[in-house]
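Trainee: Here's a structure for you.
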Amino acid sequence: MKFLMFLGSTRDSTPPKPARLGLRVVTALGKHFGETFSDHEVEIIDPLEWTFDPVFKPHFAYTRSQVPEQMDRLARKIEAADGYVMVSPEYNHSMSPALAHMLNHFGSSLFAYKPSLIVTYSAGQWGGARAAMTMRGFLSELGCLPVSAMIHIPAAADALTESGDFQSGEDATRWQGYFERGSAQLLWWAEATRRQREHNDPHRTIGDFKRDPRQRNAPD
């Protein structure tokens, strides 16, 4: 199966001040998933490696011949994935604007009927837990329902080295057990939803909202 791990940080300075902690987090998660998802593919989507026009226009608003190649390439990756890991810092008790901006370019039909795992982090003591609460509604609207287990990493600079390793062996054992609950739920739901999609295609039997927001309206 295929999983996409979205990094919700565009902090880009040399050196970063404060550090780009999200990169440490996705590196640590990548190592964890490399061990526990050894039979599956996990790809990190770093927003610094993807560019969109400064004037917002979502993928589905372009005609087929006009959609930017890079945007279309990411859309195909999203559609082909079986699950998602959403990694975000906390901004004003909410999810990363960079992550929301990237995801908002793509319609819910690409994400729908697949699971997601919420991972948040912070330099302080809360680990981005308040942002995670807002992400639940956001991801549910995209259709990639978040699993119940979430991962929060407080004081990420103290917990992780720049190479994505935990600061001590004792910490590594505890953190790996913590990561395992979220990744195990993600894998379980990804396997279940993939089998069900193959058995009964929801895009055909339920349909997608692709033409007009009024498709969602209750009858007059």
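Every chain in the structure tokens takes a letter, A first, then B, and so on in the order presented; its residues are numbered from 1, and the ligands are numbered from 1 following the presented order.
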Among range 102-166 of chain A, which residues carry a DSSP assignment of strand (DSSP E), reported as a list in words?
Mentor: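 Taking range 102-166 of chain A and keeping strand (DSSP E) gives Ser116, Leu117, Ile118, Val119, Thr120, Tyr121, Ile151, His152 and Ile153 of chain A.
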Trainee: Identify, on the basis of only C-alpha atoms, every residue whose closest approach to Leu145 in chain A does not exceed 12 Å; exclude the query and any residue fewer than 6 positions from it along the same chain; express the result as number ranges by chain.
Mentor: A: 83-86, 108, 111-118, 135-139, 185-186, 189-190, 193
Trainee: So how many Å separate CA of Pro58 in chain A and CA of Asp201 in chain A, to one decimal?
Mentor: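 Result for CA of Pro58 in chain A versus CA of Asp201 in chain A: 24.6 Å, one decimal.
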Trainee: Between A:Ala98, A:Met150, A:Met1, A:Ile78, which one has atoms that come closest to Glu180 in chain A, using only C-alpha atoms?
Mentor: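 Ranking A:Ala98, A:Met150, A:Met1, A:Ile78 by distance to Glu180 in chain A, first place goes to A:Met150.
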Trainee: Smallest atom-to-atom distance to Phe3 in chain A: which of A:Gly169, A:Glu191, A:His199, A:Gly124, using only C-alpha atoms?
Mentor: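 Of A:Gly169, A:Glu191, A:His199, A:Gly124, the one nearest Phe3 in chain A is A:Glu191, counting only C-alpha atoms.
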Trainee: Could you pull the residues within 12 Å of Val67 in chain A, counting only C-alpha atoms, minus those fewer than 6 positions along the same chain, as an mmCIF file with N, CA and C atoms, in the first residue's frame?
Mentor:
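Saved the output as selection_24.cif:
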data_model
loop_
_atom_site.group_PDB
_atom_site.id
_atom_site.type_symbol
_atom_site.label_atom_id
_atom_site.label_comp_id
_atom_site.auth_asym_id
_atom_site.auth_seq_id
_atom_site.Cartn_x
_atom_site.Cartn_y
_atom_site.Cartn_z
ATOM 1 N N PHE A 52 2.993 26.401 -5.892
ATOM 2 C CA PHE A 52 1.692 26.687 -6.483
ATOM 3 C C PHE A 52 1.643 28.170 -6.848
ATOM 4 N N ASP A 53 0.754 28.512 -7.764
ATOM 5 C CA ASP A 53 0.618 29.913 -8.158
ATOM 6 C C ASP A 53 0.243 30.763 -6.945
ATOM 7 N N LYS A 57 -5.910 28.830 -6.735
ATOM 8 C CA LYS A 57 -6.845 28.177 -7.642
ATOM 9 C C LYS A 57 -6.679 26.675 -7.449
ATOM 10 N N PRO A 58 -7.724 25.978 -7.006
ATOM 11 C CA PRO A 58 -7.586 24.554 -6.718
ATOM 12 C C PRO A 58 -7.480 23.706 -7.979
ATOM 13 N N HIS A 59 -6.984 22.505 -7.782
ATOM 14 C CA HIS A 59 -6.757 21.575 -8.886
ATOM 15 C C HIS A 59 -8.020 21.348 -9.717
ATOM 16 N N PHE A 60 -9.155 21.179 -9.055
ATOM 17 C CA PHE A 60 -10.384 20.842 -9.769
ATOM 18 C C PHE A 60 -10.979 22.024 -10.543
ATOM 19 N N ALA A 61 -10.456 23.247 -10.327
ATOM 20 C CA ALA A 61 -10.996 24.420 -11.020
ATOM 21 C C ALA A 61 -10.352 24.637 -12.389
ATOM 22 N N ARG A 73 0.579 16.291 -10.700
ATOM 23 C CA ARG A 73 1.389 15.161 -10.220
ATOM 24 C C ARG A 73 1.079 14.855 -8.760
ATOM 25 N N LEU A 74 0.940 15.898 -7.946
ATOM 26 C CA LEU A 74 0.605 15.678 -6.545
ATOM 27 C C LEU A 74 -0.819 15.150 -6.404
ATOM 28 N N ALA A 75 -1.726 15.623 -7.233
ATOM 29 C CA ALA A 75 -3.104 15.119 -7.201
ATOM 30 C C ALA A 75 -3.132 13.615 -7.471
ATOM 31 N N HIS A 105 -5.845 22.800 -2.007
ATOM 32 C CA HIS A 105 -5.759 22.824 -3.462
ATOM 33 C C HIS A 105 -6.431 21.601 -4.098
ATOM 34 N N PHE A 106 -6.807 20.628 -3.271
ATOM 35 C CA PHE A 106 -7.285 19.373 -3.834
ATOM 36 C C PHE A 106 -8.650 19.008 -3.267
#
Trainee: Among range 9-214 of chain A, which ones does DSSP place in helix (DSSP H, G or I), written as a ChimeraX atom specification?
Mentor: /A:21-36,47-49,59-61,69-80,97-103,108-111,129-142,156-159,169-199,202-205,213-214
Trainee: State, in Å with one decimal place, the distance from CA of Val119 in chain A to CA of Gln167 in chain A.
Mentor: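 Distance reported for this atom pair: 19.1 Å.
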Trainee: Between A:Leu29, A:Ala123, A:Leu4, A:Leu99, which one has atoms that come closest to Glu79 in chain A, using only C-alpha atoms?
Mentor: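 So, comparing all the options, the nearest one is A:Leu4.
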Trainee: Might you pull out every residue within 12 Å of Gly128 in chain A, with only C-alpha atoms counted and same-chain residues fewer than 4 positions away left off, and present them as a short mmCIF file (atom, residue, chain, number, x, y, z; two decimals) with C-alpha atoms, in the first residue's frame?
Mentor:
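The file below, selection-v8.cif, is the result:
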data_model
loop_
_atom_site.label_atom_id
_atom_site.label_comp_id
_atom_site.auth_asym_id
_atom_site.auth_seq_id
_atom_site.Cartn_x
_atom_site.Cartn_y
_atom_site.Cartn_z
CA GLY A 22 8.88 19.44 11.61
CA VAL A 87 2.24 16.43 10.51
CA SER A 88 1.61 19.94 11.82
CA PRO A 89 2.94 22.50 14.28
CA GLU A 90 0.46 24.69 16.13
CA TYR A 91 -0.33 28.27 15.07
CA ASN A 92 -2.80 30.20 17.24
CA HIS A 93 -4.26 26.95 18.58
CA SER A 94 -4.85 25.74 15.03
CA MET A 95 -3.18 23.71 12.31
CA SER A 96 -0.34 24.97 10.17
CA ILE A 118 -2.71 13.25 13.01
CA VAL A 119 0.79 14.10 14.29
CA THR A 120 1.47 17.44 15.98
CA TYR A 121 4.52 18.93 17.65
CA SER A 122 5.66 22.08 19.38
CA ALA A 123 8.63 23.73 21.00
CA GLY A 124 6.58 24.03 24.20
CA ALA A 132 -4.95 18.46 16.47
CA MET A 133 -8.51 19.17 17.59
CA THR A 134 -9.06 21.55 14.66
CA MET A 135 -7.45 19.07 12.27
CA MET A 150 -2.96 10.81 17.72
CA ILE A 151 0.74 11.58 18.20
CA HIS A 152 1.81 14.74 20.05
CA ILE A 153 5.47 15.65 20.52
CA PRO A 154 6.12 18.43 23.07
CA ALA A 155 9.54 20.08 23.30
CA ALA A 156 10.43 18.49 19.98
#
Trainee: Using only C-alpha atoms for the distances, tell me which of A:Trp126, A:Asp82, A:Thr173, A:Arg181 is nearest to Gln196 in chain A.
Mentor: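 Looking only at the distances to Gln196 in chain A, the closest residue turns out to be A:Asp82.
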Trainee: Between CA of Leu160 in chain A and CA of Met102 in chain A, what distance in Å does the model show, to one decimal?
Mentor: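 About the pair CA of Leu160 in chain A and CA of Met102 in chain A: they are 25.8 Å apart.
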Trainee: Please provide as a short mmCIF file (atom, residue, chain, number, x, y, z; two decimals) with C-alpha atoms, in the first residue's frame all residues within 10 Å of Ala184 in chain A, with the sequence filter that same-chain residues fewer than 5 positions apart are discarded (counting only C-alpha atoms).
Mentor:
data_model
loop_
_atom_site.label_atom_id
_atom_site.label_comp_id
_atom_site.auth_asym_id
_atom_site.auth_seq_id
_atom_site.Cartn_x
_atom_site.Cartn_y
_atom_site.Cartn_z
CA PHE A 33 7.27 3.59 9.38
CA THR A 36 6.73 -1.14 10.87
CA PHE A 37 5.52 -0.62 7.27
CA VAL A 147 -7.90 7.46 13.45
CA ALA A 149 -4.92 7.62 18.23
CA PHE A 179 4.18 5.86 17.69
CA TRP A 189 -7.97 1.09 8.69
CA ALA A 190 -6.01 1.45 5.45
#
